[in-house]
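A quick write-up on the structure given underneath.
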Amino acid sequence: MNLVNEEKKYVYQTYRRFELILVKGKGQFVWDDRGKKYLDFFAGVSVCNIGHCHPRVVGAIREQASRLLHVSNHYYTAPQIMLARDLVRRTFPGQVFFSNSGAEANECAIKLVRKWSNDRHPGQNRYEIIAFENSFHGRTMATLTATGQEKFHKGFEPLLPGFRYARYNDISSVDALINKHTAAIMIEPVLGEGGVYPASAEFIKALRARCDKHNLLLVFDEIQTGLGRTGRLFAYEHYGIKPDIITLGKSLAGGLPIGATIAKKDLAGVFGYGDHGSTFGGDPLPCAAAREVLGVISPSLVRDIRVRGAYFAKGLQRIKNKFPQLVKEVRSTGLMLAMELEFPGREIVEYCQKRGLLINCTQNTALRFLPPFIITRADIDKAIGILEESLIWVALKR
Ligand SMILES: *Cc1c(COP(=O)(O)O)cnc(C)c1O
């Protein structure tokens, strides 16, 4: 049986996959079905951030799986409650709603904004959310609409009403959109899928000030940036401000599906009984895993992320200086990095794969690196070596 052919026959063709069947993962490495080993600098779009199959996560899953997998949210379960407490302790006083994905976490945030605004300003149609060009917030109808990229909208109209798009890092474009119908501003502190563009400190501070002045909610989508990726536990910590709502997903449960929406204390009463819900949201299994993930991400690991990120960025910068015709720019924050190419990056991704390195390319020309936090200097040196080789190969071809 040829698995790839079967996939083409039986699975919806929404993913343009690489010809690679993965069967095993451990730490910063994965193995394919032929036993070949790869250094994983993508970590499942920043999901396996503490490494594949982390022993503490696997242990918690085994233990929880043998005890209780699911009961409905009609009852209490300890892992959900303890995880909510852990998250609030590491963010700000507030409450958490659990779901199963990043899109659902954002969906919840959008519903919170609407309910809050409707409660507070009944009949005033204050429901507009200002989102940003080149953002990415998910694939459900609401989060798709929040995503400020036409390519994701095409064919799915009509979109959800009430979204406007400002230019990232351009406060005057935000000011131009604030009106009496505005309820919130929703932003990724670093554009992820959009190509790793960090927001400037002045911009985020100005957004916070606008929200305070006009009584708007500031929603941070930290689904990709959260839990250490940018060299702080949460990206908002770089800016000395606090958002009103943050959304998490991806890495939170160490490789199991989860979404979490954390809202500040004042918003606690916004959802009442029956206002929102999820069959699997907050299940014991992902919540038990997530508690271990939070436990692993210690202040010293977060410090290491900054050190390793800076070392990696320096290596990429060296490559850029060596190949000014091929490399346009290097962008980075913590272990979230991109190398912008002057040409489509897919051939580089494929070259690296052949040489045993998994990376990603987004927006056609931005090589994106989201390695697990546990990588060593030797791993970075190896990745830099392969990348350099790939550019020599491209240069020679030309
Ligand atoms: C991945 C991602 C999402 C969507 O998460 P899903 O789990 O795929 O629904 C939303 N926002 C950001 C910033 C993301 O990186």
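Labels used: A, B, ... for chains in the order of the structure tokens, numbers from 1 for residues in each chain, and numbers from 1 for ligands as shown.
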
Counting only C-alpha atoms and all ligand atoms, which residues of chain A sit at most 6 Å from some atom of ligand 1, and what is each one's closest atom pair with its distance in Å to one decimal, listed by chain and rising residue number, as JSON lines?
```
{"residue": "A:Ser101", "atom": "CA", "partner": "ligand 1", "partner_atom_place_in_ligand_line": "7 (O)", "distance": 3.9}
{"residue": "A:Gly102", "atom": "CA", "partner": "ligand 1", "partner_atom_place_in_ligand_line": "5 (O)", "distance": 3.3}
{"residue": "A:Ala103", "atom": "CA", "partner": "ligand 1", "partner_atom_place_in_ligand_line": "9 (O)", "distance": 3.5}
{"residue": "A:Phe136", "atom": "CA", "partner": "ligand 1", "partner_atom_place_in_ligand_line": "11 (N)", "distance": 5.4}
{"residue": "A:His137", "atom": "CA", "partner": "ligand 1", "partner_atom_place_in_ligand_line": "11 (N)", "distance": 3.7}
{"residue": "A:Gly138", "atom": "CA", "partner": "ligand 1", "partner_atom_place_in_ligand_line": "4 (C)", "distance": 4.0}
{"residue": "A:Glu188", "atom": "CA", "partner": "ligand 1", "partner_atom_place_in_ligand_line": "13 (C)", "distance": 5.8}
{"residue": "A:Gly192", "atom": "CA", "partner": "ligand 1", "partner_atom_place_in_ligand_line": "15 (O)", "distance": 5.8}
{"residue": "A:Asp221", "atom": "CA", "partner": "ligand 1", "partner_atom_place_in_ligand_line": "13 (C)", "distance": 5.6}
{"residue": "A:Ile223", "atom": "CA", "partner": "ligand 1", "partner_atom_place_in_ligand_line": "12 (C)", "distance": 4.8}
{"residue": "A:Gln224", "atom": "CA", "partner": "ligand 1", "partner_atom_place_in_ligand_line": "15 (O)", "distance": 4.3}
{"residue": "A:Gly249", "atom": "CA", "partner": "ligand 1", "partner_atom_place_in_ligand_line": "7 (O)", "distance": 5.9}
{"residue": "A:Lys250", "atom": "CA", "partner": "ligand 1", "partner_atom_place_in_ligand_line": "7 (O)", "distance": 5.8}
```

Requested write-out: N, CA and C atoms of the selected residues, as a compact mmCIF listing (two decimals), in the first residue's frame:
```txt
# COMPACT_ATOMS: atom_id res chain seq x y z
N SER A 101 -8.82 24.31 20.21
CA SER A 101 -7.92 24.79 19.16
C SER A 101 -7.74 26.29 19.30
N GLY A 102 -6.77 26.79 18.54
CA GLY A 102 -6.54 28.22 18.54
C GLY A 102 -7.72 28.99 17.99
N ALA A 103 -8.26 28.50 16.89
CA ALA A 103 -9.41 29.19 16.28
C ALA A 103 -10.55 29.30 17.29
N PHE A 136 -3.18 36.42 11.15
CA PHE A 136 -3.79 35.09 11.03
C PHE A 136 -4.42 34.72 12.36
N HIS A 137 -5.71 34.42 12.34
CA HIS A 137 -6.40 34.10 13.59
C HIS A 137 -7.16 32.78 13.55
N GLY A 138 -7.14 32.07 12.41
CA GLY A 138 -7.82 30.77 12.37
C GLY A 138 -8.72 30.63 11.15
N GLU A 188 -2.01 39.96 16.89
CA GLU A 188 -0.91 39.05 17.22
C GLU A 188 0.29 39.95 17.55
N GLY A 192 2.69 35.84 12.90
CA GLY A 192 3.33 34.54 12.76
C GLY A 192 3.25 34.03 11.33
N ASP A 221 -3.75 37.75 20.52
CA ASP A 221 -3.70 36.37 20.05
C ASP A 221 -2.27 35.89 20.27
N ILE A 223 -1.45 32.68 20.45
CA ILE A 223 -1.51 31.25 20.13
C ILE A 223 -0.15 30.74 19.65
N GLN A 224 0.56 31.58 18.90
CA GLN A 224 1.90 31.19 18.43
C GLN A 224 3.00 31.78 19.31
N GLY A 249 -3.17 28.41 22.40
CA GLY A 249 -3.51 27.14 21.75
C GLY A 249 -2.22 26.39 21.53
N LYS A 250 -2.01 25.97 20.31
CA LYS A 250 -0.78 25.32 19.85
C LYS A 250 0.01 24.58 20.94
```

Report the residues of stretch 24-235 of chain A whose backbone DSSP state falls under alpha helix (DSSP H), written as a PDB file with N, CA and C atoms, in the first residue's frame.
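The result, written out as part.pdb:
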```
ATOM      1  N   ALA A  43       8.717  22.194  14.679  1.00  0.00           N
ATOM      2  CA  ALA A  43       8.024  21.733  15.893  1.00  0.00           C
ATOM      3  C   ALA A  43       6.505  21.745  15.737  1.00  0.00           C
ATOM      4  N   GLY A  44       6.044  21.361  14.534  1.00  0.00           N
ATOM      5  CA  GLY A  44       4.596  21.333  14.324  1.00  0.00           C
ATOM      6  C   GLY A  44       3.980  22.704  14.475  1.00  0.00           C
ATOM      7  N   VAL A  45       4.418  23.681  13.711  1.00  0.00           N
ATOM      8  CA  VAL A  45       3.991  25.082  13.839  1.00  0.00           C
ATOM      9  C   VAL A  45       3.975  25.520  15.320  1.00  0.00           C
ATOM     10  N   SER A  46       5.125  25.368  15.954  1.00  0.00           N
ATOM     11  CA  SER A  46       5.259  25.831  17.339  1.00  0.00           C
ATOM     12  C   SER A  46       4.292  25.136  18.295  1.00  0.00           C
ATOM     13  N   PRO A  55       8.945  13.623  28.257  1.00  0.00           N
ATOM     14  CA  PRO A  55       8.608  12.567  29.225  1.00  0.00           C
ATOM     15  C   PRO A  55       7.590  12.990  30.286  1.00  0.00           C
ATOM     16  N   ARG A  56       7.654  14.235  30.735  1.00  0.00           N
ATOM     17  CA  ARG A  56       6.678  14.671  31.757  1.00  0.00           C
ATOM     18  C   ARG A  56       5.274  14.743  31.172  1.00  0.00           C
ATOM     19  N   VAL A  57       5.191  15.179  29.893  1.00  0.00           N
ATOM     20  CA  VAL A  57       3.881  15.267  29.228  1.00  0.00           C
ATOM     21  C   VAL A  57       3.336  13.859  28.974  1.00  0.00           C
ATOM     22  N   VAL A  58       4.208  13.005  28.442  1.00  0.00           N
ATOM     23  CA  VAL A  58       3.782  11.629  28.156  1.00  0.00           C
ATOM     24  C   VAL A  58       3.362  10.925  29.452  1.00  0.00           C
ATOM     25  N   GLY A  59       4.121  11.157  30.506  1.00  0.00           N
ATOM     26  CA  GLY A  59       3.793  10.553  31.797  1.00  0.00           C
ATOM     27  C   GLY A  59       2.426  10.999  32.297  1.00  0.00           C
ATOM     28  N   ALA A  60       2.163  12.303  32.198  1.00  0.00           N
ATOM     29  CA  ALA A  60       0.878  12.834  32.670  1.00  0.00           C
ATOM     30  C   ALA A  60      -0.269  12.288  31.820  1.00  0.00           C
ATOM     31  N   ILE A  61      -0.022  12.144  30.517  1.00  0.00           N
ATOM     32  CA  ILE A  61      -1.069  11.611  29.630  1.00  0.00           C
ATOM     33  C   ILE A  61      -1.361  10.145  29.989  1.00  0.00           C
ATOM     34  N   ARG A  62      -0.286   9.363  30.164  1.00  0.00           N
ATOM     35  CA  ARG A  62      -0.469   7.943  30.539  1.00  0.00           C
ATOM     36  C   ARG A  62      -1.278   7.822  31.827  1.00  0.00           C
ATOM     37  N   GLU A  63      -0.858   8.585  32.792  1.00  0.00           N
ATOM     38  CA  GLU A  63      -1.487   8.526  34.122  1.00  0.00           C
ATOM     39  C   GLU A  63      -2.963   8.945  34.027  1.00  0.00           C
ATOM     40  N   GLN A  64      -3.206  10.059  33.331  1.00  0.00           N
ATOM     41  CA  GLN A  64      -4.579  10.556  33.235  1.00  0.00           C
ATOM     42  C   GLN A  64      -5.435   9.625  32.370  1.00  0.00           C
ATOM     43  N   ALA A  65      -4.824   9.087  31.290  1.00  0.00           N
ATOM     44  CA  ALA A  65      -5.582   8.232  30.367  1.00  0.00           C
ATOM     45  C   ALA A  65      -6.053   6.962  31.066  1.00  0.00           C
ATOM     46  N   ALA A  78     -10.597  17.930  38.178  1.00  0.00           N
ATOM     47  CA  ALA A  78      -9.480  18.663  38.789  1.00  0.00           C
ATOM     48  C   ALA A  78      -8.489  19.252  37.774  1.00  0.00           C
ATOM     49  N   PRO A  79      -8.058  18.493  36.736  1.00  0.00           N
ATOM     50  CA  PRO A  79      -7.014  19.069  35.866  1.00  0.00           C
ATOM     51  C   PRO A  79      -7.438  20.396  35.230  1.00  0.00           C
ATOM     52  N   GLN A  80      -8.706  20.500  34.821  1.00  0.00           N
ATOM     53  CA  GLN A  80      -9.180  21.752  34.201  1.00  0.00           C
ATOM     54  C   GLN A  80      -9.079  22.923  35.181  1.00  0.00           C
ATOM     55  N   ILE A  81      -9.518  22.687  36.396  1.00  0.00           N
ATOM     56  CA  ILE A  81      -9.538  23.755  37.399  1.00  0.00           C
ATOM     57  C   ILE A  81      -8.111  24.158  37.771  1.00  0.00           C
ATOM     58  N   MET A  82      -7.248  23.148  37.935  1.00  0.00           N
ATOM     59  CA  MET A  82      -5.866  23.444  38.321  1.00  0.00           C
ATOM     60  C   MET A  82      -5.118  24.155  37.184  1.00  0.00           C
ATOM     61  N   LEU A  83      -5.410  23.778  35.945  1.00  0.00           N
ATOM     62  CA  LEU A  83      -4.757  24.450  34.813  1.00  0.00           C
ATOM     63  C   LEU A  83      -5.209  25.906  34.724  1.00  0.00           C
ATOM     64  N   ALA A  84      -6.496  26.151  34.935  1.00  0.00           N
ATOM     65  CA  ALA A  84      -6.996  27.537  34.909  1.00  0.00           C
ATOM     66  C   ALA A  84      -6.272  28.358  35.970  1.00  0.00           C
ATOM     67  N   ARG A  85      -6.122  27.771  37.158  1.00  0.00           N
ATOM     68  CA  ARG A  85      -5.429  28.470  38.230  1.00  0.00           C
ATOM     69  C   ARG A  85      -3.965  28.745  37.846  1.00  0.00           C
ATOM     70  N   ASP A  86      -3.310  27.745  37.275  1.00  0.00           N
ATOM     71  CA  ASP A  86      -1.905  27.924  36.842  1.00  0.00           C
ATOM     72  C   ASP A  86      -1.793  29.056  35.814  1.00  0.00           C
ATOM     73  N   LEU A  87      -2.717  29.089  34.871  1.00  0.00           N
ATOM     74  CA  LEU A  87      -2.648  30.103  33.805  1.00  0.00           C
ATOM     75  C   LEU A  87      -2.889  31.499  34.366  1.00  0.00           C
ATOM     76  N   VAL A  88      -3.865  31.626  35.224  1.00  0.00           N
ATOM     77  CA  VAL A  88      -4.169  32.938  35.807  1.00  0.00           C
ATOM     78  C   VAL A  88      -2.996  33.416  36.655  1.00  0.00           C
ATOM     79  N   ARG A  89      -2.395  32.495  37.404  1.00  0.00           N
ATOM     80  CA  ARG A  89      -1.247  32.873  38.238  1.00  0.00           C
ATOM     81  C   ARG A  89      -0.090  33.386  37.410  1.00  0.00           C
ATOM     82  N   GLY A 102      -6.772  26.789  18.542  1.00  0.00           N
ATOM     83  CA  GLY A 102      -6.536  28.219  18.543  1.00  0.00           C
ATOM     84  C   GLY A 102      -7.725  28.989  17.994  1.00  0.00           C
ATOM     85  N   ALA A 103      -8.257  28.505  16.893  1.00  0.00           N
ATOM     86  CA  ALA A 103      -9.406  29.192  16.283  1.00  0.00           C
ATOM     87  C   ALA A 103     -10.552  29.299  17.286  1.00  0.00           C
ATOM     88  N   GLU A 104     -10.787  28.226  18.020  1.00  0.00           N
ATOM     89  CA  GLU A 104     -11.874  28.264  19.012  1.00  0.00           C
ATOM     90  C   GLU A 104     -11.567  29.232  20.153  1.00  0.00           C
ATOM     91  N   ALA A 105     -10.292  29.331  20.522  1.00  0.00           N
ATOM     92  CA  ALA A 105      -9.919  30.281  21.578  1.00  0.00           C
ATOM     93  C   ALA A 105     -10.211  31.706  21.105  1.00  0.00           C
ATOM     94  N   ASN A 106      -9.913  31.984  19.830  1.00  0.00           N
ATOM     95  CA  ASN A 106     -10.206  33.308  19.272  1.00  0.00           C
ATOM     96  C   ASN A 106     -11.704  33.517  19.097  1.00  0.00           C
ATOM     97  N   GLU A 107     -12.391  32.487  18.665  1.00  0.00           N
ATOM     98  CA  GLU A 107     -13.847  32.528  18.522  1.00  0.00           C
ATOM     99  C   GLU A 107     -14.466  32.946  19.864  1.00  0.00           C
ATOM    100  N   CYS A 108     -13.972  32.356  20.929  1.00  0.00           N
ATOM    101  CA  CYS A 108     -14.456  32.678  22.275  1.00  0.00           C
ATOM    102  C   CYS A 108     -14.167  34.143  22.603  1.00  0.00           C
ATOM    103  N   ALA A 109     -12.968  34.612  22.244  1.00  0.00           N
ATOM    104  CA  ALA A 109     -12.605  36.005  22.510  1.00  0.00           C
ATOM    105  C   ALA A 109     -13.546  36.956  21.755  1.00  0.00           C
ATOM    106  N   ILE A 110     -13.859  36.597  20.521  1.00  0.00           N
ATOM    107  CA  ILE A 110     -14.746  37.439  19.706  1.00  0.00           C
ATOM    108  C   ILE A 110     -16.153  37.461  20.308  1.00  0.00           C
ATOM    109  N   LYS A 111     -16.630  36.313  20.740  1.00  0.00           N
ATOM    110  CA  LYS A 111     -17.940  36.264  21.395  1.00  0.00           C
ATOM    111  C   LYS A 111     -17.942  37.069  22.698  1.00  0.00           C
ATOM    112  N   LEU A 112     -16.837  36.980  23.439  1.00  0.00           N
ATOM    113  CA  LEU A 112     -16.715  37.762  24.683  1.00  0.00           C
ATOM    114  C   LEU A 112     -16.812  39.251  24.397  1.00  0.00           C
ATOM    115  N   VAL A 113     -16.085  39.692  23.376  1.00  0.00           N
ATOM    116  CA  VAL A 113     -16.103  41.114  23.012  1.00  0.00           C
ATOM    117  C   VAL A 113     -17.531  41.550  22.701  1.00  0.00           C
ATOM    118  N   ARG A 114     -18.222  40.760  21.887  1.00  0.00           N
ATOM    119  CA  ARG A 114     -19.581  41.135  21.487  1.00  0.00           C
ATOM    120  C   ARG A 114     -20.526  41.166  22.681  1.00  0.00           C
ATOM    121  N   LYS A 115     -20.427  40.141  23.527  1.00  0.00           N
ATOM    122  CA  LYS A 115     -21.342  40.055  24.668  1.00  0.00           C
ATOM    123  C   LYS A 115     -21.071  41.197  25.644  1.00  0.00           C
ATOM    124  N   TRP A 116     -19.802  41.449  25.887  1.00  0.00           N
ATOM    125  CA  TRP A 116     -19.406  42.543  26.787  1.00  0.00           C
ATOM    126  C   TRP A 116     -19.963  43.874  26.294  1.00  0.00           C
ATOM    127  N   SER A 117     -19.779  44.088  24.983  1.00  0.00           N
ATOM    128  CA  SER A 117     -20.190  45.362  24.409  1.00  0.00           C
ATOM    129  C   SER A 117     -21.717  45.488  24.376  1.00  0.00           C
ATOM    130  N   ASN A 118     -22.392  44.394  24.054  1.00  0.00           N
ATOM    131  CA  ASN A 118     -23.860  44.424  24.041  1.00  0.00           C
ATOM    132  C   ASN A 118     -24.442  44.644  25.430  1.00  0.00           C
ATOM    133  N   ASP A 119     -23.790  44.038  26.448  1.00  0.00           N
ATOM    134  CA  ASP A 119     -24.253  44.231  27.828  1.00  0.00           C
ATOM    135  C   ASP A 119     -24.070  45.678  28.256  1.00  0.00           C
ATOM    136  N   ARG A 120     -22.935  46.227  27.859  1.00  0.00           N
ATOM    137  CA  ARG A 120     -22.521  47.531  28.336  1.00  0.00           C
ATOM    138  C   ARG A 120     -23.174  48.680  27.581  1.00  0.00           C
ATOM    139  N   MET A 141     -15.425  30.691  10.586  1.00  0.00           N
ATOM    140  CA  MET A 141     -15.913  31.873   9.862  1.00  0.00           C
ATOM    141  C   MET A 141     -15.555  33.186  10.561  1.00  0.00           C
ATOM    142  N   ALA A 142     -15.649  33.218  11.888  1.00  0.00           N
ATOM    143  CA  ALA A 142     -15.321  34.467  12.587  1.00  0.00           C
ATOM    144  C   ALA A 142     -13.818  34.741  12.560  1.00  0.00           C
ATOM    145  N   THR A 143     -13.017  33.708  12.821  1.00  0.00           N
ATOM    146  CA  THR A 143     -11.566  33.933  12.893  1.00  0.00           C
ATOM    147  C   THR A 143     -10.968  34.133  11.502  1.00  0.00           C
ATOM    148  N   LEU A 144     -11.615  33.517  10.521  1.00  0.00           N
ATOM    149  CA  LEU A 144     -11.240  33.723   9.126  1.00  0.00           C
ATOM    150  C   LEU A 144     -11.479  35.188   8.746  1.00  0.00           C
ATOM    151  N   THR A 145     -12.589  35.716   9.222  1.00  0.00           N
ATOM    152  CA  THR A 145     -12.899  37.119   8.950  1.00  0.00           C
ATOM    153  C   THR A 145     -11.898  38.026   9.666  1.00  0.00           C
ATOM    154  N   ALA A 146     -11.543  37.670  10.892  1.00  0.00           N
ATOM    155  CA  ALA A 146     -10.564  38.477  11.634  1.00  0.00           C
ATOM    156  C   ALA A 146      -9.203  38.463  10.941  1.00  0.00           C
ATOM    157  N   GLU A 150      -6.722  38.506   2.149  1.00  0.00           N
ATOM    158  CA  GLU A 150      -7.752  38.188   1.163  1.00  0.00           C
ATOM    159  C   GLU A 150      -7.712  36.733   0.713  1.00  0.00           C
ATOM    160  N   LYS A 151      -6.495  36.171   0.613  1.00  0.00           N
ATOM    161  CA  LYS A 151      -6.385  34.818   0.071  1.00  0.00           C
ATOM    162  C   LYS A 151      -7.172  33.803   0.916  1.00  0.00           C
ATOM    163  N   PHE A 152      -7.330  34.096   2.204  1.00  0.00           N
ATOM    164  CA  PHE A 152      -8.090  33.184   3.066  1.00  0.00           C
ATOM    165  C   PHE A 152      -9.596  33.444   2.977  1.00  0.00           C
ATOM    166  N   HIS A 153      -9.975  34.632   2.534  1.00  0.00           N
ATOM    167  CA  HIS A 153     -11.395  35.003   2.470  1.00  0.00           C
ATOM    168  C   HIS A 153     -12.064  34.507   1.200  1.00  0.00           C
ATOM    169  N   ILE A 171      -0.112  53.273  13.835  1.00  0.00           N
ATOM    170  CA  ILE A 171      -1.179  53.689  14.744  1.00  0.00           C
ATOM    171  C   ILE A 171      -2.177  54.628  14.068  1.00  0.00           C
ATOM    172  N   SER A 172      -1.717  55.410  13.072  1.00  0.00           N
ATOM    173  CA  SER A 172      -2.664  56.332  12.431  1.00  0.00           C
ATOM    174  C   SER A 172      -3.722  55.549  11.650  1.00  0.00           C
ATOM    175  N   SER A 173      -3.352  54.368  11.138  1.00  0.00           N
ATOM    176  CA  SER A 173      -4.342  53.559  10.423  1.00  0.00           C
ATOM    177  C   SER A 173      -5.373  52.971  11.404  1.00  0.00           C
ATOM    178  N   VAL A 174      -4.977  52.813  12.658  1.00  0.00           N
ATOM    179  CA  VAL A 174      -5.915  52.362  13.693  1.00  0.00           C
ATOM    180  C   VAL A 174      -6.833  53.519  14.053  1.00  0.00           C
ATOM    181  N   ASP A 175      -6.235  54.674  14.286  1.00  0.00           N
ATOM    182  CA  ASP A 175      -7.026  55.858  14.642  1.00  0.00           C
ATOM    183  C   ASP A 175      -8.105  56.137  13.598  1.00  0.00           C
ATOM    184  N   ALA A 201       7.273  48.476  20.197  1.00  0.00           N
ATOM    185  CA  ALA A 201       6.820  48.822  21.548  1.00  0.00           C
ATOM    186  C   ALA A 201       5.924  50.057  21.519  1.00  0.00           C
ATOM    187  N   GLU A 202       6.299  51.050  20.702  1.00  0.00           N
ATOM    188  CA  GLU A 202       5.486  52.277  20.642  1.00  0.00           C
ATOM    189  C   GLU A 202       4.079  51.954  20.156  1.00  0.00           C
ATOM    190  N   PHE A 203       4.013  51.076  19.185  1.00  0.00           N
ATOM    191  CA  PHE A 203       2.719  50.720  18.594  1.00  0.00           C
ATOM    192  C   PHE A 203       1.810  50.042  19.619  1.00  0.00           C
ATOM    193  N   ILE A 204       2.356  49.051  20.329  1.00  0.00           N
ATOM    194  CA  ILE A 204       1.536  48.318  21.308  1.00  0.00           C
ATOM    195  C   ILE A 204       1.126  49.256  22.443  1.00  0.00           C
ATOM    196  N   LYS A 205       2.050  50.102  22.864  1.00  0.00           N
ATOM    197  CA  LYS A 205       1.710  51.054  23.939  1.00  0.00           C
ATOM    198  C   LYS A 205       0.613  52.007  23.475  1.00  0.00           C
ATOM    199  N   ALA A 206       0.696  52.423  22.222  1.00  0.00           N
ATOM    200  CA  ALA A 206      -0.328  53.317  21.681  1.00  0.00           C
ATOM    201  C   ALA A 206      -1.672  52.595  21.585  1.00  0.00           C
ATOM    202  N   LEU A 207      -1.653  51.319  21.210  1.00  0.00           N
ATOM    203  CA  LEU A 207      -2.910  50.556  21.157  1.00  0.00           C
ATOM    204  C   LEU A 207      -3.550  50.483  22.538  1.00  0.00           C
ATOM    205  N   ARG A 208      -2.707  50.208  23.536  1.00  0.00           N
ATOM    206  CA  ARG A 208      -3.223  50.127  24.917  1.00  0.00           C
ATOM    207  C   ARG A 208      -3.858  51.471  25.312  1.00  0.00           C
ATOM    208  N   ALA A 209      -3.171  52.552  24.956  1.00  0.00           N
ATOM    209  CA  ALA A 209      -3.675  53.881  25.303  1.00  0.00           C
ATOM    210  C   ALA A 209      -5.007  54.165  24.598  1.00  0.00           C
ATOM    211  N   ARG A 210      -5.113  53.795  23.308  1.00  0.00           N
ATOM    212  CA  ARG A 210      -6.371  53.998  22.579  1.00  0.00           C
ATOM    213  C   ARG A 210      -7.490  53.189  23.213  1.00  0.00           C
ATOM    214  N   CYS A 211      -7.190  51.959  23.590  1.00  0.00           N
ATOM    215  CA  CYS A 211      -8.216  51.106  24.201  1.00  0.00           C
ATOM    216  C   CYS A 211      -8.692  51.707  25.517  1.00  0.00           C
ATOM    217  N   ASP A 212      -7.754  52.228  26.317  1.00  0.00           N
ATOM    218  CA  ASP A 212      -8.136  52.844  27.592  1.00  0.00           C
ATOM    219  C   ASP A 212      -8.986  54.084  27.342  1.00  0.00           C
ATOM    220  N   LYS A 213      -8.570  54.879  26.381  1.00  0.00           N
ATOM    221  CA  LYS A 213      -9.251  56.143  26.121  1.00  0.00           C
ATOM    222  C   LYS A 213     -10.676  55.927  25.597  1.00  0.00           C
ATOM    223  N   HIS A 214     -10.825  54.980  24.664  1.00  0.00           N
ATOM    224  CA  HIS A 214     -12.130  54.782  24.021  1.00  0.00           C
ATOM    225  C   HIS A 214     -12.919  53.627  24.625  1.00  0.00           C
TER     226      HIS A 214
END
```

Which of stretch 101-304 of chain A DSSP labels strand (DSSP E or B), written as a PyMOL selection string
chain A and resi 128-133+148+163-166+182-187+190-191+197-198+217-221+245-248+259-264

Quick one: distance from atom CA of A:Phe369 to atom CA of A:Met339 in Å, one decimal?
8.4 Å

Exercise: A:Arg232 partners within 10 Å, only C-alpha atoms, chain neighbours under 3 positions left out, as a list in words:
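The contact residues come out as Thr225, Gly226, Leu227, Gly228, Arg229, Ala235, Tyr236, Glu237, His238, Pro299, Leu301, Val302, Arg303, Ile305, Arg306, Thr333 and Gly334 of chain A.
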
Skip A:Phe220 itself and residues of its chain fewer than 5 positions away, then list as an mmCIF file with C-alpha atoms, in the first residue's frame all residues within 8 Å of it, counting only C-alpha atoms.
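Result file out.cif:
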```cif
data_model
loop_
_atom_site.group_PDB
_atom_site.id
_atom_site.type_symbol
_atom_site.label_atom_id
_atom_site.label_comp_id
_atom_site.auth_asym_id
_atom_site.auth_seq_id
_atom_site.Cartn_x
_atom_site.Cartn_y
_atom_site.Cartn_z
ATOM 1 C CA MET A 186 -7.363 42.182 18.179
ATOM 2 C CA ILE A 187 -3.697 41.605 17.417
ATOM 3 C CA GLU A 188 -0.907 39.055 17.221
ATOM 4 C CA PRO A 189 2.036 40.645 19.064
ATOM 5 C CA TYR A 236 2.877 41.069 25.956
ATOM 6 C CA PRO A 243 -4.056 42.963 27.321
ATOM 7 C CA ASP A 244 -7.658 42.431 28.463
ATOM 8 C CA ILE A 245 -7.959 39.042 26.803
ATOM 9 C CA ILE A 246 -5.305 36.611 25.623
ATOM 10 C CA THR A 247 -5.805 33.488 23.568
#
```

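Of note, atom CA of A:Leu391 and atom CA of A:Gly345 are spaced 10.5 Å apart.
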
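For the set A:Val96, A:Val47, A:Val4, A:Ile380, the residue with the smallest atom-to-atom gap to A:Ile262 is A:Val96, counting only C-alpha atoms.
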
Which residues come within 6 Å of A:Leu370, counting only C-alpha atoms, excluding same-chain residues fewer than 4 positions away, as a PDB file with N, CA and C atoms, in the first residue's frame?
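So the final result, stored in selection.pdb, reads:
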```pdb
ATOM      1  N   PHE A  41      13.074  21.951  13.130  1.00  0.00           N
ATOM      2  CA  PHE A  41      13.071  23.384  13.435  1.00  0.00           C
ATOM      3  C   PHE A  41      11.725  24.035  13.108  1.00  0.00           C
ATOM      4  N   PHE A  42      10.671  23.228  13.148  1.00  0.00           N
ATOM      5  CA  PHE A  42       9.326  23.742  12.901  1.00  0.00           C
ATOM      6  C   PHE A  42       8.433  23.358  14.084  1.00  0.00           C
ATOM      7  N   SER A  46       5.125  25.368  15.954  1.00  0.00           N
ATOM      8  CA  SER A  46       5.259  25.831  17.339  1.00  0.00           C
ATOM      9  C   SER A  46       4.292  25.136  18.295  1.00  0.00           C
ATOM     10  N   MET A 336      11.639  32.641  17.566  1.00  0.00           N
ATOM     11  CA  MET A 336      10.693  32.809  16.470  1.00  0.00           C
ATOM     12  C   MET A 336      11.438  33.652  15.442  1.00  0.00           C
TER      13      MET A 336
END
```

Please, what distance in Å, to one decimal, runs between atom CA of A:Glu389 and atom CA of A:Arg355?
9.7 Å

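With only C-alpha atoms as the basis for measurement, A:Ala289 is the residue among A:Ala289, A:Ile348, A:Ile386, A:Ala310 that approaches A:Ile50 most closely.
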
Quick one: everything within 9 Å of A:Gly254, counting only C-alpha atoms, minus sequence neighbours fewer than 6 positions away in the same chain. Send it as a PyMOL selection string.
chain A and resi 47-54+57+286+289-290+292-293

Determine, counting only C-alpha atoms, which protein, DNA and RNA residues have an atom within 6 Å of an atom of stretch 324-328 of chain A; residues of the same chain fewer than 4 positions away are not included. Present the result as a PyMOL selection string.
chain A and resi 320+340-342
